[in-house]
file final.cif (mmCIF, C-alpha atoms)
data_entry
loop_
_atom_site.label_atom_id
_atom_site.label_comp_id
_atom_site.auth_asym_id
_atom_site.auth_seq_id
_atom_site.Cartn_x
_atom_site.Cartn_y
_atom_site.Cartn_z
CA MET A 128 0.00 0.00 0.00
CA SER A 129 2.79 2.42 0.89
CA VAL A 130 4.29 1.94 -2.60
CA ILE A 131 1.10 1.63 -4.65
CA ALA A 132 -0.49 4.86 -3.41
CA PRO A 133 2.34 7.26 -4.40
CA VAL A 134 2.70 5.49 -7.76
CA MET A 135 -1.02 5.89 -8.46
CA ILE A 136 -0.88 9.57 -7.49
CA ILE A 137 1.98 10.18 -9.94
CA LEU A 138 0.22 8.23 -12.70
CA ALA A 139 -3.00 10.16 -12.07
CA TYR A 140 -1.15 13.46 -12.39
CA LEU A 141 0.47 12.35 -15.65
CA CYS A 142 -2.89 11.14 -16.96
CA GLY A 143 -4.47 14.47 -16.08
CA SER A 144 -1.62 16.29 -17.82
CA VAL A 145 -2.71 14.99 -21.22
CA SER A 146 -4.70 17.98 -22.50
CA SER A 147 -7.49 16.57 -24.64
CA ALA A 148 -8.64 20.06 -25.67
CA ILE A 149 -5.28 20.92 -27.21
CA LEU A 150 -4.80 17.52 -28.85
CA ILE A 151 -8.31 17.33 -30.30
CA CYS A 152 -8.04 20.86 -31.66
CA ARG A 153 -4.77 19.94 -33.33
CA LEU A 154 -6.24 16.79 -34.86
CA ALA A 155 -9.32 18.69 -36.05
CA GLY A 156 -7.29 21.55 -37.50
CA LEU A 157 -8.75 24.04 -35.04
CA PRO A 158 -6.94 26.95 -33.37
CA ASP A 159 -5.11 26.32 -30.12
CA PRO A 160 -7.74 26.87 -27.37
CA ARG A 161 -5.09 28.59 -25.27
CA ASP A 162 -4.95 31.35 -27.89
CA CYS A 163 -8.67 31.75 -28.59
CA GLY A 164 -11.81 32.73 -26.72
CA SER A 165 -11.30 32.48 -22.98
CA GLY A 166 -7.84 30.95 -23.41
CA ASN A 167 -8.83 27.92 -21.37
CA PRO A 168 -8.17 24.47 -22.87
CA GLY A 169 -11.49 22.86 -22.04
CA ALA A 170 -14.82 21.79 -23.48
CA THR A 171 -16.68 25.10 -23.19
CA ASN A 172 -13.98 27.05 -24.99
CA VAL A 173 -13.66 24.31 -27.63
CA LEU A 174 -17.44 24.51 -28.09
CA ARG A 175 -17.06 28.13 -29.10
CA ILE A 176 -14.15 27.67 -31.47
CA GLY A 177 -14.87 24.20 -32.85
CA GLY A 178 -18.49 23.23 -32.32
CA LYS A 179 -20.39 20.52 -30.46
CA LYS A 180 -18.57 17.40 -31.69
CA ALA A 181 -15.12 18.63 -30.73
CA ALA A 182 -16.42 19.90 -27.38
CA ALA A 183 -18.16 16.57 -26.64
CA ALA A 184 -14.94 14.67 -27.37
CA VAL A 185 -12.99 16.95 -25.03
CA LEU A 186 -15.62 16.57 -22.32
CA VAL A 187 -15.58 12.76 -22.48
CA PHE A 188 -11.78 12.53 -22.39
CA ASP A 189 -11.52 15.03 -19.53
CA ILE A 190 -14.01 13.02 -17.48
CA LEU A 191 -12.13 9.79 -18.19
CA LYS A 192 -8.88 11.40 -17.03
CA GLY A 193 -10.34 11.68 -13.55
CA MET A 194 -12.43 8.52 -13.57
CA LEU A 195 -9.94 5.87 -14.74
CA PRO A 196 -7.14 6.58 -12.23
CA VAL A 197 -9.61 6.55 -9.33
CA TRP A 198 -11.19 3.32 -10.52
CA ALA A 199 -7.76 1.75 -10.91
CA ALA A 200 -6.77 2.87 -7.41
CA TRP A 201 -10.02 1.46 -6.00
CA ALA A 202 -9.37 -1.86 -7.76
CA LEU A 203 -5.94 -1.94 -6.12
CA GLY A 204 -7.57 -1.58 -2.70
CA LEU A 205 -6.62 1.97 -1.77
CA THR A 206 -8.53 3.60 1.08
CA PRO A 207 -10.90 6.58 0.59
CA PHE A 208 -8.17 9.00 1.72
CA TRP A 209 -5.74 7.80 -0.95
CA LEU A 210 -8.50 7.60 -3.54
CA GLY A 211 -9.20 11.24 -2.86
CA LEU A 212 -5.56 12.15 -3.35
CA VAL A 213 -5.50 10.22 -6.63
CA GLY A 214 -8.52 12.22 -7.85
CA ILE A 215 -6.93 15.49 -6.74
CA ALA A 216 -3.69 14.54 -8.53
CA ALA A 217 -5.60 13.98 -11.78
CA CYS A 218 -7.20 17.43 -11.44
CA LEU A 219 -3.85 19.05 -10.67
CA GLY A 220 -2.49 17.46 -13.82
CA HIS A 221 -5.37 18.92 -15.84
CA ILE A 222 -4.91 22.36 -14.30
CA TRP A 223 -1.10 22.38 -14.45
CA PRO A 224 -0.16 19.84 -17.16
CA VAL A 225 3.52 18.95 -17.24
CA PHE A 226 3.27 18.14 -20.96
CA PHE A 227 1.85 21.55 -21.92
CA LYS A 228 3.99 24.07 -20.04
CA PHE A 229 1.68 23.90 -16.99
CA HIS A 230 -1.06 25.84 -18.81
CA GLY A 231 -4.26 23.85 -18.36
CA GLY A 232 -7.94 24.16 -17.64
CA LYS A 233 -9.99 24.50 -14.51
CA GLY A 234 -10.56 20.83 -13.79
CA VAL A 235 -14.35 20.68 -13.61
CA ALA A 236 -14.91 17.68 -15.88
CA THR A 237 -11.88 15.87 -14.48
CA ALA A 238 -13.12 16.45 -10.93
CA PHE A 239 -16.55 15.13 -11.94
CA GLY A 240 -14.86 12.03 -13.37
CA ALA A 241 -12.91 11.55 -10.15
CA ILE A 242 -16.11 11.73 -8.08
CA ALA A 243 -18.17 9.53 -10.42
CA PRO A 244 -16.78 6.15 -9.19
CA ILE A 245 -18.24 6.88 -5.74
CA GLY A 246 -21.66 5.88 -7.08
CA LEU A 247 -24.18 6.30 -9.87
CA ASP A 248 -26.63 8.04 -7.54
CA LEU A 249 -24.11 10.73 -6.66
CA THR A 250 -23.04 11.04 -10.30
CA GLY A 251 -26.63 11.61 -11.38
CA VAL A 252 -27.27 14.24 -8.72
CA MET A 253 -24.04 16.09 -9.55
CA ALA A 254 -24.73 16.04 -13.29
CA GLY A 255 -28.30 17.18 -12.70
CA THR A 256 -27.17 20.06 -10.50
CA TRP A 257 -24.70 21.32 -13.09
CA LEU A 258 -27.15 20.91 -15.98
CA LEU A 259 -30.02 22.63 -14.18
CA SER A 260 -27.78 25.51 -13.13
CA VAL A 261 -26.55 26.00 -16.70
CA LEU A 262 -30.01 25.75 -18.24
CA LEU A 263 -31.45 28.28 -15.80
CA SER A 264 -28.56 30.75 -15.94
CA GLY A 265 -26.84 30.12 -19.26
CA TYR A 266 -23.43 30.21 -17.55
CA SER A 267 -21.20 27.13 -17.58
CA SER A 268 -19.00 28.66 -14.91
CA LEU A 269 -21.94 29.24 -12.57
CA GLY A 270 -22.95 25.60 -12.98
CA ALA A 271 -19.42 24.55 -12.03
CA ILE A 272 -19.32 26.89 -9.03
CA ILE A 273 -22.69 25.75 -7.67
CA SER A 274 -21.78 22.10 -8.21
CA ALA A 275 -18.48 22.57 -6.39
CA LEU A 276 -20.25 24.25 -3.46
CA VAL A 277 -22.83 21.49 -3.00
CA ALA A 278 -20.63 18.47 -3.87
CA PRO A 279 -19.30 17.91 -0.31
CA PHE A 280 -22.85 17.92 1.05
CA TYR A 281 -24.01 15.42 -1.57
CA VAL A 282 -21.06 13.16 -0.81
CA TRP A 283 -21.66 13.44 2.92
CA TRP A 284 -25.21 12.23 2.32
CA PHE A 285 -24.33 9.34 0.00
CA LYS A 286 -20.79 8.25 1.05
CA PRO A 287 -19.60 10.27 4.06
CA GLN A 288 -16.14 8.63 4.09
CA PHE A 289 -15.30 10.57 0.92
CA THR A 290 -16.42 13.97 2.22
CA PHE A 291 -12.98 15.34 3.07
CA PRO A 292 -11.22 14.59 -0.26
CA VAL A 293 -14.24 15.83 -2.22
CA ALA A 294 -14.26 19.02 -0.16
CA MET A 295 -10.59 19.50 -1.08
CA LEU A 296 -11.50 19.03 -4.76
CA SER A 297 -14.29 21.57 -4.42
CA CYS A 298 -11.95 24.14 -2.90
CA LEU A 299 -9.54 23.63 -5.79
CA ILE A 300 -12.31 24.16 -8.35
CA LEU A 301 -13.57 27.29 -6.59
CA ILE A 302 -10.08 28.78 -6.42
CA ARG A 303 -9.62 28.15 -10.14
CA HIS A 304 -12.91 29.95 -10.81
CA ASN A 305 -11.95 33.13 -8.98
CA ASP A 306 -11.87 35.17 -12.21
CA ASN A 307 -15.24 33.75 -13.29
CA ILE A 308 -16.77 34.63 -9.93
CA GLN A 309 -15.59 38.22 -10.31
CA ARG A 310 -16.95 38.44 -13.89
CA LEU A 311 -20.28 36.98 -12.79
CA TRP A 312 -20.46 39.56 -10.02
CA ARG A 313 -19.77 42.37 -12.50
CA GLY A 314 -22.16 40.93 -15.11
CA GLN A 315 -19.33 40.41 -17.60
CA GLU A 316 -19.33 36.63 -17.90
CA THR A 317 -20.07 35.05 -21.29
CA LYS A 318 -22.97 32.63 -21.66
CA ILE A 319 -22.23 29.11 -22.83
CA TRP A 320 -24.28 29.22 -26.03
CA ARG A 321 -22.82 32.49 -27.23
CA ARG A 322 -20.20 31.49 -29.76
CA LYS A 323 -17.32 33.88 -30.20
CA PRO A 324 -15.61 34.57 -33.52
CA ARG A 325 -12.23 32.89 -33.97
CA SER A 326 -10.54 36.25 -34.27
CA ASP A 327 -11.41 36.99 -30.65
CA ALA A 328 -8.25 35.55 -29.13
CA SER A 329 -7.84 37.52 -25.96
CA SER A 330 -11.18 38.42 -24.45
CA GLY A 331 -12.20 36.90 -21.13
CA GLY A 332 -14.75 34.17 -21.49
CA GLU A 333 -16.01 31.63 -19.15
CA THR A 334 -14.99 28.29 -17.97
CA ARG A 335 -14.81 25.13 -19.79
CA LYS A 336 -15.38 21.79 -18.29
#
call {"tool": "encode", "arguments": {"input": "final.cif", "output": "structure tokens"}}
result
Amino acid sequence: MSVIAPVMIILAYLCGSVSSAILICRLAGLPDPRDCGSGNPGATNVLRIGGKKAAAAVLVFDILKGMLPVWAAWALGLTPFWLGLVGIAACLGHIWPVFFKFHGGKGVATAFGAIAPIGLDLTGVMAGTWLLSVLLSGYSSLGAIISALVAPFYVWWFKPQFTFPVAMLSCLILIRHNDNIQRLWRGQETKIWRRKPRSDASSGGETRK
């Protein structure tokens, strides 16, 4: 256990460091998401610059980056504390990817993937919370912020042994959304379905998943 846990944490970080947004944009001949729209390499920004199919592919891969390492760690018998650290490591890799000059996204989809193995009931509630928030507000970032705020309470209800690591994940997501919170407060945040022209390479947008 003492050897397996650190190895899984390192592997999770490396897995998270594979930026699906950048790679998919390259394969699809799209602009680098770090240079367009919000500048964030994630599904929401890719949606604006490349459309639904590219964004869906990014979303799926980002979720898997968090889900697969946690599942593997669970299969190896790691305790909830170590499972939480594995999930956090995957998110840190997504946010600060070693393969892409430490310029990554905000970790929402990867965090969701890391939480998903806890249970289908929790996964459904989390997905429903994010989707309802986005549909009512039109802001992807607001959906992520609300989901991060309520996630520890959901986990405490369904699987209380995972509350602490999920709370740590939520704090990380909220910190990464500091700029979005300020733009929401000032009424300057961009709605998810508003697609920006490709020439807009520097304006502040909102989060991607």
call {"tool": "atom_distance", "arguments": {"input": "final.cif", "atom1": "atom CA of Leu301 of chain A", "atom2": "atom CA of Met135 of chain A"}}
result
24.9 Å
call {"tool": "resolve_selection", "arguments": {"input": "final.cif", "expression": "the PyMOL selection byres ((chain A and resi 150-155) around 8)", "output": "count of residues only"}}
result
14
call {"tool": "residues_around", "arguments": {"input": "final.cif", "residues": "Val145 of chain A", "least_positions_apart": "4", "cutoff": "9 Å", "atoms": "all atoms listed in the file", "output": "list of chain:residue names"}}
result
A:Leu141, A:Ile149, A:Leu150, A:Asp189, A:Lys192, A:Gly220, A:His221, A:Pro224, A:Val225, A:Phe226, A:Phe227
call {"tool": "resolve_selection", "arguments": {"input": "final.cif", "expression": "the PyMOL selection byres ((chain A and resi 259-265) around 12)", "output": "PyMOL selection string"}}
result
chain A and resi 171+251-258+266-275+277+311+316-321+333-334
call {"tool": "closest_residue", "arguments": {"input": "final.cif", "among": "A:Ala139, A:Ala217, A:Leu203, A:Leu247", "to": "Val235 of chain A", "atoms": "all atoms listed in the file"}}
result
A:Ala217
call {"tool": "closest_residue", "arguments": {"input": "final.cif", "among": "A:Phe239, A:Phe289, A:Phe208, A:Trp284", "to": "Ala132 of chain A", "atoms": "all atoms listed in the file"}}
result
A:Phe208
call {"tool": "atom_distance", "arguments": {"input": "final.cif", "atom1": "atom CA of Gly214 of chain A", "atom2": "atom CA of Pro196 of chain A"}}
result
7.3 Å
call {"tool": "atom_distance", "arguments": {"input": "final.cif", "atom1": "atom CA of Leu210 of chain A", "atom2": "atom CA of His230 of chain A"}}
result
24.9 Å
call {"tool": "closest_residue", "arguments": {"input": "final.cif", "among": "A:Ile242, A:Leu212, A:Ala182, A:Ile308", "to": "Leu138 of chain A", "atoms": "only C-alpha atoms"}}
result
A:Leu212
call {"tool": "decode", "arguments": {"input": "final.cif", "residues": "segment 168-198 of chain A", "atoms": "N, CA, C and O atoms", "output": "PDB file, in the first residue's frame"}}
result
ATOM      1  N   PRO A 168      -8.077  25.703 -22.105  1.00  0.00           N
ATOM      2  CA  PRO A 168      -8.174  24.471 -22.875  1.00  0.00           C
ATOM      3  C   PRO A 168      -9.180  23.507 -22.253  1.00  0.00           C
ATOM      4  O   PRO A 168      -8.818  22.610 -21.483  1.00  0.00           O
ATOM      5  N   GLY A 169     -10.437  23.705 -22.578  1.00  0.00           N
ATOM      6  CA  GLY A 169     -11.490  22.861 -22.041  1.00  0.00           C
ATOM      7  C   GLY A 169     -12.688  22.828 -22.957  1.00  0.00           C
ATOM      8  O   GLY A 169     -12.717  23.499 -24.001  1.00  0.00           O
ATOM      9  N   ALA A 170     -13.695  22.066 -22.595  1.00  0.00           N
ATOM     10  CA  ALA A 170     -14.824  21.787 -23.484  1.00  0.00           C
ATOM     11  C   ALA A 170     -15.626  23.034 -23.844  1.00  0.00           C
ATOM     12  O   ALA A 170     -16.064  23.179 -24.988  1.00  0.00           O
ATOM     13  N   THR A 171     -15.862  23.921 -22.898  1.00  0.00           N
ATOM     14  CA  THR A 171     -16.679  25.100 -23.188  1.00  0.00           C
ATOM     15  C   THR A 171     -16.000  26.010 -24.201  1.00  0.00           C
ATOM     16  O   THR A 171     -16.629  26.512 -25.131  1.00  0.00           O
ATOM     17  N   ASN A 172     -14.703  26.217 -24.033  1.00  0.00           N
ATOM     18  CA  ASN A 172     -13.982  27.047 -24.986  1.00  0.00           C
ATOM     19  C   ASN A 172     -13.896  26.367 -26.351  1.00  0.00           C
ATOM     20  O   ASN A 172     -14.017  27.018 -27.387  1.00  0.00           O
ATOM     21  N   VAL A 173     -13.697  25.050 -26.364  1.00  0.00           N
ATOM     22  CA  VAL A 173     -13.661  24.315 -27.630  1.00  0.00           C
ATOM     23  C   VAL A 173     -15.027  24.363 -28.309  1.00  0.00           C
ATOM     24  O   VAL A 173     -15.124  24.403 -29.534  1.00  0.00           O
ATOM     25  N   LEU A 174     -16.099  24.382 -27.525  1.00  0.00           N
ATOM     26  CA  LEU A 174     -17.440  24.514 -28.091  1.00  0.00           C
ATOM     27  C   LEU A 174     -17.551  25.781 -28.912  1.00  0.00           C
ATOM     28  O   LEU A 174     -18.150  25.798 -29.990  1.00  0.00           O
ATOM     29  N   ARG A 175     -16.975  26.854 -28.412  1.00  0.00           N
ATOM     30  CA  ARG A 175     -17.060  28.132 -29.097  1.00  0.00           C
ATOM     31  C   ARG A 175     -16.204  28.179 -30.364  1.00  0.00           C
ATOM     32  O   ARG A 175     -16.596  28.785 -31.350  1.00  0.00           O
ATOM     33  N   ILE A 176     -15.050  27.537 -30.327  1.00  0.00           N
ATOM     34  CA  ILE A 176     -14.148  27.666 -31.469  1.00  0.00           C
ATOM     35  C   ILE A 176     -14.249  26.500 -32.437  1.00  0.00           C
ATOM     36  O   ILE A 176     -13.822  26.612 -33.590  1.00  0.00           O
ATOM     37  N   GLY A 177     -14.844  25.371 -31.991  1.00  0.00           N
ATOM     38  CA  GLY A 177     -14.866  24.204 -32.855  1.00  0.00           C
ATOM     39  C   GLY A 177     -16.182  23.481 -32.989  1.00  0.00           C
ATOM     40  O   GLY A 177     -16.293  22.546 -33.777  1.00  0.00           O
ATOM     41  N   GLY A 178     -17.186  23.860 -32.192  1.00  0.00           N
ATOM     42  CA  GLY A 178     -18.486  23.233 -32.315  1.00  0.00           C
ATOM     43  C   GLY A 178     -18.729  22.088 -31.342  1.00  0.00           C
ATOM     44  O   GLY A 178     -17.877  21.744 -30.525  1.00  0.00           O
ATOM     45  N   LYS A 179     -19.912  21.483 -31.451  1.00  0.00           N
ATOM     46  CA  LYS A 179     -20.386  20.519 -30.461  1.00  0.00           C
ATOM     47  C   LYS A 179     -19.601  19.209 -30.459  1.00  0.00           C
ATOM     48  O   LYS A 179     -19.332  18.643 -29.400  1.00  0.00           O
ATOM     49  N   LYS A 180     -19.254  18.698 -31.637  1.00  0.00           N
ATOM     50  CA  LYS A 180     -18.573  17.400 -31.689  1.00  0.00           C
ATOM     51  C   LYS A 180     -17.199  17.457 -31.022  1.00  0.00           C
ATOM     52  O   LYS A 180     -16.839  16.574 -30.237  1.00  0.00           O
ATOM     53  N   ALA A 181     -16.448  18.479 -31.344  1.00  0.00           N
ATOM     54  CA  ALA A 181     -15.124  18.633 -30.730  1.00  0.00           C
ATOM     55  C   ALA A 181     -15.251  18.832 -29.223  1.00  0.00           C
ATOM     56  O   ALA A 181     -14.489  18.258 -28.444  1.00  0.00           O
ATOM     57  N   ALA A 182     -16.220  19.644 -28.806  1.00  0.00           N
ATOM     58  CA  ALA A 182     -16.418  19.899 -27.379  1.00  0.00           C
ATOM     59  C   ALA A 182     -16.834  18.631 -26.646  1.00  0.00           C
ATOM     60  O   ALA A 182     -16.371  18.367 -25.532  1.00  0.00           O
ATOM     61  N   ALA A 183     -17.714  17.823 -27.266  1.00  0.00           N
ATOM     62  CA  ALA A 183     -18.155  16.574 -26.641  1.00  0.00           C
ATOM     63  C   ALA A 183     -16.985  15.615 -26.471  1.00  0.00           C
ATOM     64  O   ALA A 183     -16.869  14.939 -25.430  1.00  0.00           O
ATOM     65  N   ALA A 184     -16.111  15.537 -27.466  1.00  0.00           N
ATOM     66  CA  ALA A 184     -14.940  14.665 -27.366  1.00  0.00           C
ATOM     67  C   ALA A 184     -14.028  15.111 -26.228  1.00  0.00           C
ATOM     68  O   ALA A 184     -13.539  14.278 -25.440  1.00  0.00           O
ATOM     69  N   VAL A 185     -13.817  16.421 -26.110  1.00  0.00           N
ATOM     70  CA  VAL A 185     -12.991  16.949 -25.026  1.00  0.00           C
ATOM     71  C   VAL A 185     -13.617  16.627 -23.674  1.00  0.00           C
ATOM     72  O   VAL A 185     -12.924  16.205 -22.736  1.00  0.00           O
ATOM     73  N   LEU A 186     -14.918  16.819 -23.570  1.00  0.00           N
ATOM     74  CA  LEU A 186     -15.615  16.569 -22.315  1.00  0.00           C
ATOM     75  C   LEU A 186     -15.468  15.118 -21.872  1.00  0.00           C
ATOM     76  O   LEU A 186     -15.159  14.828 -20.707  1.00  0.00           O
ATOM     77  N   VAL A 187     -15.673  14.192 -22.803  1.00  0.00           N
ATOM     78  CA  VAL A 187     -15.576  12.759 -22.482  1.00  0.00           C
ATOM     79  C   VAL A 187     -14.165  12.409 -22.023  1.00  0.00           C
ATOM     80  O   VAL A 187     -13.977  11.736 -20.996  1.00  0.00           O
ATOM     81  N   PHE A 188     -13.164  12.854 -22.753  1.00  0.00           N
ATOM     82  CA  PHE A 188     -11.783  12.533 -22.389  1.00  0.00           C
ATOM     83  C   PHE A 188     -11.389  13.164 -21.059  1.00  0.00           C
ATOM     84  O   PHE A 188     -10.658  12.544 -20.268  1.00  0.00           O
ATOM     85  N   ASP A 189     -11.849  14.385 -20.798  1.00  0.00           N
ATOM     86  CA  ASP A 189     -11.516  15.035 -19.532  1.00  0.00           C
ATOM     87  C   ASP A 189     -12.156  14.301 -18.355  1.00  0.00           C
ATOM     88  O   ASP A 189     -11.555  14.191 -17.275  1.00  0.00           O
ATOM     89  N   ILE A 190     -13.369  13.803 -18.538  1.00  0.00           N
ATOM     90  CA  ILE A 190     -14.012  13.021 -17.478  1.00  0.00           C
ATOM     91  C   ILE A 190     -13.252  11.723 -17.236  1.00  0.00           C
ATOM     92  O   ILE A 190     -12.998  11.335 -16.082  1.00  0.00           O
ATOM     93  N   LEU A 191     -12.854  11.050 -18.315  1.00  0.00           N
ATOM     94  CA  LEU A 191     -12.131   9.787 -18.186  1.00  0.00           C
ATOM     95  C   LEU A 191     -10.789   9.965 -17.493  1.00  0.00           C
ATOM     96  O   LEU A 191     -10.324   9.078 -16.781  1.00  0.00           O
ATOM     97  N   LYS A 192     -10.165  11.136 -17.679  1.00  0.00           N
ATOM     98  CA  LYS A 192      -8.875  11.397 -17.029  1.00  0.00           C
ATOM     99  C   LYS A 192      -8.987  11.353 -15.506  1.00  0.00           C
ATOM    100  O   LYS A 192      -8.030  10.999 -14.818  1.00  0.00           O
ATOM    101  N   GLY A 193     -10.137  11.747 -14.987  1.00  0.00           N
ATOM    102  CA  GLY A 193     -10.340  11.680 -13.549  1.00  0.00           C
ATOM    103  C   GLY A 193     -10.896  10.343 -13.102  1.00  0.00           C
ATOM    104  O   GLY A 193     -10.558   9.836 -12.029  1.00  0.00           O
ATOM    105  N   MET A 194     -11.731   9.745 -13.945  1.00  0.00           N
ATOM    106  CA  MET A 194     -12.427   8.519 -13.566  1.00  0.00           C
ATOM    107  C   MET A 194     -11.518   7.287 -13.552  1.00  0.00           C
ATOM    108  O   MET A 194     -11.510   6.512 -12.580  1.00  0.00           O
ATOM    109  N   LEU A 195     -10.735   7.099 -14.605  1.00  0.00           N
ATOM    110  CA  LEU A 195      -9.945   5.874 -14.742  1.00  0.00           C
ATOM    111  C   LEU A 195      -8.877   5.709 -13.655  1.00  0.00           C
ATOM    112  O   LEU A 195      -8.728   4.618 -13.098  1.00  0.00           O
ATOM    113  N   PRO A 196      -8.114   6.764 -13.311  1.00  0.00           N
ATOM    114  CA  PRO A 196      -7.141   6.578 -12.230  1.00  0.00           C
ATOM    115  C   PRO A 196      -7.792   6.234 -10.891  1.00  0.00           C
ATOM    116  O   PRO A 196      -7.261   5.409 -10.138  1.00  0.00           O
ATOM    117  N   VAL A 197      -8.931   6.843 -10.591  1.00  0.00           N
ATOM    118  CA  VAL A 197      -9.607   6.551  -9.327  1.00  0.00           C
ATOM    119  C   VAL A 197     -10.147   5.133  -9.325  1.00  0.00           C
ATOM    120  O   VAL A 197     -10.042   4.413  -8.326  1.00  0.00           O
ATOM    121  N   TRP A 198     -10.727   4.702 -10.435  1.00  0.00           N
ATOM    122  CA  TRP A 198     -11.192   3.323 -10.525  1.00  0.00           C
ATOM    123  C   TRP A 198     -10.042   2.336 -10.359  1.00  0.00           C
ATOM    124  O   TRP A 198     -10.165   1.329  -9.670  1.00  0.00           O
TER     125      TRP A 198
END
